[in-house]
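Text of entry_22.txt, listed as compact mmCIF, C-alpha atoms and all ligand atoms:
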# COMPACT_ATOMS: atom_id res chain seq x y z
CA MET G 1 26.90 -20.59 26.47
CA THR G 2 28.66 -21.56 23.23
CA ILE G 3 27.31 -20.82 19.76
CA LEU G 4 26.25 -24.47 19.39
CA GLN G 5 24.50 -24.51 22.79
CA ALA G 6 22.78 -21.17 22.12
CA ILE G 7 21.40 -22.39 18.80
CA LYS G 8 20.14 -25.65 20.36
CA TRP G 9 18.40 -23.69 23.14
CA ALA G 10 16.88 -21.18 20.71
CA LYS G 11 15.61 -23.89 18.37
CA ILE G 12 13.57 -25.41 21.21
CA GLU G 13 12.23 -21.97 22.22
CA LEU G 14 11.15 -21.27 18.62
CA ASN G 15 9.61 -24.68 17.91
CA LYS G 16 6.03 -23.49 18.45
CA SER G 17 6.19 -20.10 16.74
CA CYS G 18 8.34 -20.73 13.65
CA GLU G 19 8.14 -23.03 10.68
CA ARG G 20 11.95 -23.21 10.50
CA PRO G 21 13.12 -22.83 14.12
CA LEU G 22 16.72 -23.90 13.53
CA PHE G 23 17.15 -21.56 10.58
CA GLU G 24 15.67 -18.58 12.41
CA ALA G 25 17.71 -19.36 15.55
CA GLN G 26 20.81 -19.18 13.36
CA LEU G 27 19.70 -16.05 11.50
CA LEU G 28 18.97 -14.23 14.77
CA LEU G 29 22.32 -15.28 16.23
CA ALA G 30 24.11 -14.09 13.09
CA TYR G 31 22.20 -10.79 13.43
CA HIS G 32 23.11 -10.58 17.16
CA LEU G 33 26.81 -11.26 16.49
CA ASP G 34 26.81 -9.16 13.31
CA CYS G 35 28.37 -12.00 11.32
CA GLU G 36 27.56 -14.27 8.37
CA ARG G 37 25.67 -17.50 9.15
CA ILE G 38 28.68 -19.57 8.02
CA TYR G 39 30.66 -18.08 10.95
CA LEU G 40 28.34 -19.93 13.35
CA HIS G 41 29.33 -23.27 11.81
CA THR G 42 33.02 -22.54 11.88
CA HIS G 43 33.01 -21.21 15.49
CA GLU G 44 30.57 -23.59 17.23
CA ASN G 45 32.54 -23.73 20.47
CA LYS G 46 33.07 -19.99 20.87
CA ALA G 47 31.17 -18.32 23.75
CA VAL G 48 28.30 -16.03 22.69
CA GLU G 49 28.90 -12.46 23.85
CA ASN G 50 25.99 -10.78 25.65
CA ILE G 51 23.87 -13.93 25.56
CA GLN G 52 21.02 -12.14 27.39
CA ALA G 53 20.48 -9.85 24.41
CA TYR G 54 20.25 -12.88 22.09
CA GLN G 55 17.80 -14.54 24.47
CA LYS G 56 15.61 -11.42 24.34
CA LEU G 57 15.55 -11.55 20.54
CA ILE G 58 14.52 -15.21 20.70
CA GLN G 59 11.76 -14.44 23.21
CA ARG G 60 10.36 -11.75 20.90
CA ARG G 61 10.29 -14.23 18.02
CA ALA G 62 8.77 -16.91 20.28
CA ASN G 63 5.98 -14.40 21.00
CA HIS G 64 5.28 -14.36 17.22
CA GLU G 65 6.83 -10.96 16.50
CA PRO G 66 7.79 -11.05 12.80
CA PHE G 67 11.46 -11.67 12.10
CA GLU G 68 11.61 -8.53 9.93
CA TYR G 69 10.52 -6.24 12.80
CA ILE G 70 13.12 -7.79 15.11
CA VAL G 71 15.99 -7.19 12.69
CA GLY G 72 14.42 -3.96 11.33
CA LYS G 73 14.59 -4.83 7.67
CA ALA G 74 12.84 -6.82 4.95
CA ASP G 75 14.09 -8.14 1.63
CA PHE G 76 11.87 -7.31 -1.33
CA TYR G 77 12.52 -7.71 -5.05
CA ASP G 78 16.15 -6.61 -5.46
CA ILE G 79 16.32 -4.34 -2.39
CA SER G 80 16.36 -4.46 1.40
CA LEU G 81 14.07 -2.02 3.19
CA LYS G 82 13.98 -0.61 6.69
CA VAL G 83 10.74 -1.67 8.42
CA THR G 84 9.42 -0.74 11.85
CA SER G 85 6.18 -1.52 13.63
CA GLY G 86 3.60 0.73 12.00
CA VAL G 87 4.81 -0.22 8.51
CA LEU G 88 3.60 -3.29 6.63
CA ILE G 89 6.30 -5.88 5.91
CA PRO G 90 6.34 -6.07 2.09
CA ARG G 91 5.16 -9.47 0.81
CA PRO G 92 6.65 -11.53 -2.03
CA GLU G 93 3.32 -11.57 -3.94
CA THR G 94 3.52 -7.79 -4.33
CA GLU G 95 6.58 -8.34 -6.55
CA LEU G 96 4.11 -9.65 -9.16
CA LEU G 97 2.20 -6.35 -9.10
CA ILE G 98 5.46 -4.58 -9.90
CA ASP G 99 6.11 -6.83 -12.90
CA HIS G 100 2.62 -6.15 -14.30
CA VAL G 101 3.00 -2.40 -13.84
CA ALA G 102 6.52 -2.43 -15.28
CA LYS G 103 5.19 -3.98 -18.51
CA ILE G 104 2.66 -1.15 -18.95
CA ILE G 105 5.21 1.55 -18.12
CA GLU G 106 7.57 0.09 -20.69
CA GLN G 107 5.01 -0.55 -23.45
CA LYS G 108 3.20 2.78 -23.08
CA ASN G 109 6.30 4.83 -22.28
CA ILE G 110 4.71 6.15 -19.10
CA LYS G 111 6.52 8.97 -17.27
CA GLN G 112 4.33 10.00 -14.32
CA ILE G 113 2.56 7.65 -11.92
CA ALA G 114 1.08 7.67 -8.43
CA GLU G 115 1.15 5.03 -5.74
CA ILE G 116 -1.58 4.83 -3.09
CA GLY G 117 -0.37 3.52 0.28
CA ILE G 118 3.42 3.63 0.02
CA GLY G 119 4.14 1.70 3.26
CA SER G 120 7.87 0.98 3.42
CA GLY G 121 8.33 2.33 -0.12
CA ALA G 122 8.67 -1.13 -1.63
CA ILE G 123 6.69 -0.61 -4.85
CA SER G 124 7.74 2.96 -5.62
CA ILE G 125 11.44 2.40 -4.93
CA VAL G 126 11.67 -0.72 -7.09
CA LEU G 127 9.83 1.03 -9.94
CA ALA G 128 11.99 4.15 -9.64
CA ARG G 129 15.14 2.02 -9.84
CA LYS G 130 13.80 0.13 -12.87
CA PHE G 131 12.81 3.31 -14.71
CA PRO G 132 15.22 6.18 -14.00
CA HIS G 133 13.03 8.66 -15.89
CA LEU G 134 9.84 7.76 -14.03
CA GLN G 135 8.32 10.34 -11.65
CA ILE G 136 6.17 9.02 -8.79
CA ILE G 137 3.84 10.73 -6.33
CA ALA G 138 3.28 8.31 -3.47
CA THR G 139 0.65 8.81 -0.77
CA ASP G 140 -0.11 7.33 2.61
CA ILE G 141 -2.64 8.23 5.25
CA CYS G 142 -0.40 7.24 8.20
CA ASP G 143 2.65 9.05 9.51
CA THR G 144 5.00 6.11 10.19
CA PRO G 145 4.97 4.84 6.58
CA LEU G 146 5.47 8.40 5.36
CA GLU G 147 8.59 8.71 7.55
CA VAL G 148 10.04 5.23 7.00
CA SER G 149 9.49 5.32 3.23
CA GLN G 150 11.38 8.65 3.09
CA GLU G 151 14.34 7.00 4.81
CA ASN G 152 14.28 4.09 2.36
CA ILE G 153 13.93 6.47 -0.59
CA LYS G 154 17.02 8.36 0.61
CA SER G 155 19.07 5.24 1.17
CA TYR G 156 18.38 4.14 -2.43
CA ARG G 157 18.99 7.71 -3.68
CA VAL G 158 15.72 8.00 -5.59
CA GLU G 159 14.60 11.26 -3.90
CA SER G 160 14.59 13.05 -7.24
CA GLN G 161 12.00 10.58 -8.57
CA ILE G 162 9.60 10.02 -5.66
CA VAL G 163 7.52 12.65 -3.85
CA VAL G 164 5.83 11.34 -0.70
CA ARG G 165 2.62 13.04 0.34
CA LYS G 166 0.15 12.60 3.20
CA SER G 167 -3.22 12.01 1.58
CA ASN G 168 -6.38 9.98 1.79
CA LEU G 169 -6.01 7.84 -1.37
CA ILE G 170 -5.17 10.32 -4.20
CA ASN G 171 -7.23 13.25 -2.90
CA ALA G 172 -4.11 15.40 -2.55
CA VAL G 173 -2.75 14.56 -6.02
CA SER G 174 -3.70 17.13 -8.64
CA GLU G 175 -0.78 16.65 -11.05
CA PRO G 176 -1.38 14.82 -14.36
CA ILE G 177 -0.95 11.10 -13.71
CA GLU G 178 -0.94 8.32 -16.31
CA LEU G 179 -1.13 5.28 -14.04
CA VAL G 180 -1.98 4.49 -10.42
CA VAL G 181 -0.56 1.47 -8.63
CA SER G 182 -1.74 0.31 -5.23
CA ASN G 183 -1.52 -2.54 -2.78
CA PRO G 184 -4.22 -1.17 -0.50
CA PRO G 185 -5.64 -2.71 2.68
CA TYR G 186 -8.07 -5.32 1.36
CA ILE G 187 -8.74 -7.77 4.20
CA ALA G 188 -12.26 -7.95 5.68
CA ASN G 189 -12.42 -6.44 9.19
CA ASP G 190 -13.46 -9.71 10.84
CA PHE G 191 -11.05 -12.01 8.97
CA PRO G 192 -9.14 -14.16 11.51
CA LEU G 193 -5.47 -13.40 10.85
CA GLU G 194 -2.54 -15.16 12.49
CA SER G 195 -1.01 -13.64 15.63
CA ASN G 196 2.25 -12.63 13.92
CA VAL G 197 0.21 -10.43 11.55
CA VAL G 198 -2.72 -9.10 13.56
CA ASP G 199 -0.79 -8.48 16.80
CA TYR G 200 2.14 -6.70 15.15
CA GLU G 201 1.34 -5.22 11.75
CA PRO G 202 -0.63 -1.95 11.46
CA ARG G 203 -4.41 -2.33 11.16
CA GLU G 204 -4.50 0.59 8.68
CA ALA G 205 -2.37 -1.49 6.30
CA LEU G 206 -4.45 -4.64 6.58
CA PHE G 207 -8.18 -4.04 6.87
CA GLY G 208 -10.17 -2.59 3.98
CA GLY G 209 -13.68 -2.51 5.49
CA ASN G 210 -16.49 -4.89 6.42
CA ARG G 211 -16.21 -6.75 3.12
CA GLY G 212 -12.55 -5.91 2.61
CA ASP G 213 -12.89 -4.52 -0.93
CA GLU G 214 -14.36 -1.11 0.00
CA LEU G 215 -11.09 0.81 -0.41
CA LEU G 216 -10.34 -0.97 -3.69
CA LYS G 217 -13.69 0.19 -5.07
CA GLN G 218 -13.09 3.73 -3.81
CA ILE G 219 -9.71 3.72 -5.57
CA ILE G 220 -11.41 2.61 -8.82
CA ASP G 221 -13.88 5.49 -8.49
CA ASP G 222 -11.20 8.07 -7.68
CA VAL G 223 -8.89 7.03 -10.52
CA LYS G 224 -11.76 7.07 -13.01
CA ALA G 225 -12.97 10.46 -11.73
CA LYS G 226 -9.50 11.95 -12.25
CA ASN G 227 -9.37 10.65 -15.84
CA ILE G 228 -6.26 8.57 -15.13
CA ARG G 229 -5.83 5.96 -17.82
CA TYR G 230 -4.38 2.89 -16.02
CA LEU G 231 -4.91 1.34 -12.60
CA ALA G 232 -3.10 -1.73 -11.23
CA CYS G 233 -3.98 -3.13 -7.80
CA GLU G 234 -3.29 -6.09 -5.61
CA MET G 235 -6.44 -7.64 -4.11
CA GLY G 236 -7.60 -10.59 -1.99
CA TYR G 237 -7.82 -14.10 -3.49
CA ASP G 238 -11.65 -14.05 -3.14
CA GLN G 239 -12.36 -10.56 -4.53
CA LYS G 240 -12.24 -11.16 -8.29
CA ASP G 241 -16.00 -11.58 -8.77
CA SER G 242 -16.97 -8.45 -6.84
CA ILE G 243 -14.26 -6.29 -8.46
CA GLU G 244 -15.12 -7.60 -11.93
CA ALA G 245 -18.82 -6.86 -11.40
CA TYR G 246 -17.97 -3.38 -10.10
CA LEU G 247 -15.69 -2.56 -13.03
CA ASN G 248 -18.17 -3.90 -15.56
CA GLN G 249 -20.73 -1.33 -14.41
CA ILE G 250 -18.47 1.50 -15.53
CA GLU G 251 -16.91 2.30 -18.83
CA ILE G 252 -13.58 0.50 -19.23
CA LYS G 253 -11.43 -0.37 -22.24
CA TYR G 254 -9.54 -3.34 -20.88
CA LEU G 255 -9.47 -5.51 -17.76
CA ARG G 256 -7.16 -8.33 -16.82
CA PHE G 257 -6.84 -10.23 -13.56
CA TYR G 258 -3.63 -11.97 -12.61
CA THR G 259 -2.88 -14.86 -10.25
CA ASP G 260 -0.03 -15.43 -7.83
CA LEU G 261 2.46 -18.30 -8.01
CA ALA G 262 0.08 -20.53 -6.03
CA GLY G 263 -2.65 -19.91 -8.64
CA PHE G 264 -4.82 -17.63 -6.46
CA ASP G 265 -6.41 -14.49 -7.91
CA ARG G 266 -4.19 -11.71 -6.67
CA GLY G 267 -4.72 -8.49 -8.62
CA PHE G 268 -5.94 -6.67 -11.69
CA VAL G 269 -4.92 -4.17 -14.32
CA VAL G 270 -7.57 -1.93 -15.85
CA GLU G 271 -7.49 0.64 -18.62
CA PHE G 272 -10.28 3.23 -18.50
C1 LIG T 1 -1.08 -3.13 2.40
S1 LIG T 1 -0.12 -1.72 2.83
C2 LIG T 1 0.95 -1.62 1.41
C3 LIG T 1 2.27 -0.98 1.69
C4 LIG T 1 3.28 -1.08 0.54
N1 LIG T 1 2.79 -0.38 -0.64
C5 LIG T 1 3.56 -2.54 0.20
O1 LIG T 1 3.04 -3.02 -0.81
O2 LIG T 1 4.29 -3.20 0.96
C6 LIG T 1 -1.30 -0.42 2.59
C7 LIG T 1 -0.79 0.98 2.90
O3 LIG T 1 -1.87 1.89 2.60
C8 LIG T 1 -1.97 2.87 3.61
N2 LIG T 1 -3.35 3.36 3.62
C9 LIG T 1 -4.44 2.82 4.23
N3 LIG T 1 -5.55 3.55 3.98
C10 LIG T 1 -5.15 4.57 3.17
C11 LIG T 1 -5.84 5.67 2.58
N4 LIG T 1 -7.14 5.85 2.75
N5 LIG T 1 -5.12 6.54 1.82
C12 LIG T 1 -3.78 6.36 1.65
N6 LIG T 1 -3.08 5.34 2.19
C13 LIG T 1 -3.75 4.45 2.94
C14 LIG T 1 -1.53 2.14 4.88
O4 LIG T 1 -1.09 3.05 5.86
C15 LIG T 1 -0.42 1.23 4.35
O5 LIG T 1 0.83 1.86 4.42
Target format structure tokens, applied to this file:
Amino acid sequence: MTILQAIKWAKIELNKSCERPLFEAQLLLAYHLDCERIYLHTHENKAVENIQAYQKLIQRRANHEPFEYIVGKADFYDISLKVTSGVLIPRPETELLIDHVAKIIEQKNIKQIAEIGIGSGAISIVLARKFPHLQIIATDICDTPLEVSQENIKSYRVESQIVVRKSNLINAVSEPIELVVSNPPYIANDFPLESNVVDYEPREALFGGNRGDELLKQIIDDVKAKNIRYLACEMGYDQKDSIEAYLNQIEIKYLRFYTDLAGFDRGFVVEF
């Protein structure tokens, strides 16, 4: 099969599972051949080596496996992270959380923070690269994110700034911390997610309880109890009212919610 024929075949196979079947057929062939996408256009009549391996990649994608798990990496902010099953694929909306946290770190000259739920390392690594003097203690309750984030931390050479620790929320963090950032699991247990998410991404990274906001509220309590001054979290688009009501019951100095680029409520920053 030539490159042109392989792409035509793959596009048809991916029609049902992908929004951009032609584009993904090309990206997966470029990944398979370890070449740039432009090479496919300039070598349309060349035979595809080991076509069976390419066909297997296409079948995985046709079965809704996320592209990032197939190629083993995900682009986020200004970095590319290793991801495996068992680790959440970082989402573009989480880049907004980083920008909100970065403003506080800069304005308040913050030096020591914690992240709850490090996953691939996306948030902590980007913040460490932005602020070379920042020290971060990052926790996760699951082993795969703890291992994969360590690999990503090493490949971006920020080991001296980020300590990764197995912990339920920040229970195992006793050092003085000025700010906590978290993109915790916040989806309600019975929320009907699409197959590419629910069948492949780790449940521990997605579901936050029967209502979805239980872990968020626990994080608020824990951060307040440890006398940490700032907390910034991502949340679900429908959780603003319940989080606002919860925070208004306790003593806070400042609260601001932010929206994502589509205008949906997406997170909050609170000063205790
Ligand atoms: C939504 S993912 C976020 C991952 C990464 N920070 C990101 O933004 O891409 C949530 C992460 O929190 C971890 N997690 C879930 N419950 C936790 C808990 N009780 N304590 C610490 N981490 C937890 C999950 O294993 C997962 O890695």
Would you mind listing the residues within 8 Å of ligand LIG 1 (chain T), counting only C-alpha atoms and all ligand atoms, as a PyMOL selection string? chain G and resi 87-91+94+115-124+139-143+145+166-170+182-186+202+204-206+208+215
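Atom pair atom CA of G:Asp238 / atom CA of G:Asp222: separated by 22.6 Å.
Nearest residue to G:Ala225 among G:Ala262, G:Asn45, G:Glu251, G:Glu36 is G:Glu251, counting all atoms listed in the file.
Interatomic distance, atom CA of G:Tyr254 against atom CA of G:Glu95: 22.1 Å.
For the atom pair formed by atom CA of G:Ile98 and atom CA of G:Leu247, the distance is 21.5 Å, given to one decimal.
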Near G:Asp78, within 12 Å and counting all atoms listed in the file, which residues show up once chain neighbours fewer than 2 positions away are dropped, as an NGL selection string? :G and (74-76 or 80-81 or 92 or 95 or 98 or 122-123 or 125-127 or 129-130 or 156)
For G:Ser195, please output as a PyMOL selection string all residues within 9 Å (counting all atoms listed in the file; exclusion window: fewer than 6 positions along the same chain). chain G and resi 63-65
G:Arg256 environment, 12 Å, all atoms listed in the file, sequence neighbours closer than 3 positions dropped, as number ranges by chain: G: 100, 230-233, 240, 243-244, 247-248, 252-253, 259, 265-271
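Residue nearest G:Gly212 within the list G:Ile228, G:Ala128, G:Ile187, G:Leu179: G:Ile187 [criterion: smallest interatomic distance, all atoms listed in the file].
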Return as AutoDock Vina command-line options the centre and edge lengths, in Å with one decimal, of the box along x, y and z that encloses every atom of stretch 135-144 of chain G in the file, padded by 3 Å per side.
--center_x 2.8 --center_y 8.4 --center_z -0.7 --size_x 17.0 --size_y 10.6 --size_z 27.8
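Nearest to G:Glu201 of all the residues G:Gln59, G:Pro66, G:Ser160, G:Ile51 is G:Pro66, based on all atoms listed in the file.
Nearest-residue note for G:Lys16: choosing from G:Ala62, G:Ile38, G:Leu57, G:Glu49, the minimum distance belongs to G:Ala62, counting only C-alpha atoms.
When all atoms listed in the file are used to compute distances to G:Arg229, the closest of the residues G:Leu255, G:Phe272, G:Ile250, G:Val198 turns out to be G:Phe272.
Nearest-residue note for G:Lys111: choosing from G:Glu68, G:Asp199, G:Glu159, G:Glu178, the minimum distance belongs to G:Glu178, counting all atoms listed in the file.
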Place a sphere of radius 7 Å on (28.8, -25.0, 18.0) in the file coordinates and name every protein, DNA or RNA residue with an atom inside or on its surface, counting only C-alpha atoms; give the answer as number ranges by chain. G: 2-5, 40-41, 43-45
Could you name the residues that touch G:Pro176 at 10 Å or less, counting all atoms listed in the file, but leaving out those on the same chain fewer than 5 positions away, as a list in words? Gln112, Ile113, Ala114, Lys226, Asn227 and Ile228 of chain G
Based on the selection just made, write C-alpha atoms of those residues as a PDB file, in the frame of the given file.
ATOM      1  CA  GLN G 112       4.330  10.000 -14.320  1.00  0.00           C
ATOM      2  CA  ILE G 113       2.560   7.650 -11.920  1.00  0.00           C
ATOM      3  CA  ALA G 114       1.080   7.670  -8.430  1.00  0.00           C
ATOM      4  CA  LYS G 226      -9.500  11.950 -12.250  1.00  0.00           C
ATOM      5  CA  ASN G 227      -9.370  10.650 -15.840  1.00  0.00           C
ATOM      6  CA  ILE G 228      -6.260   8.570 -15.130  1.00  0.00           C
TER       7      ILE G 228
END
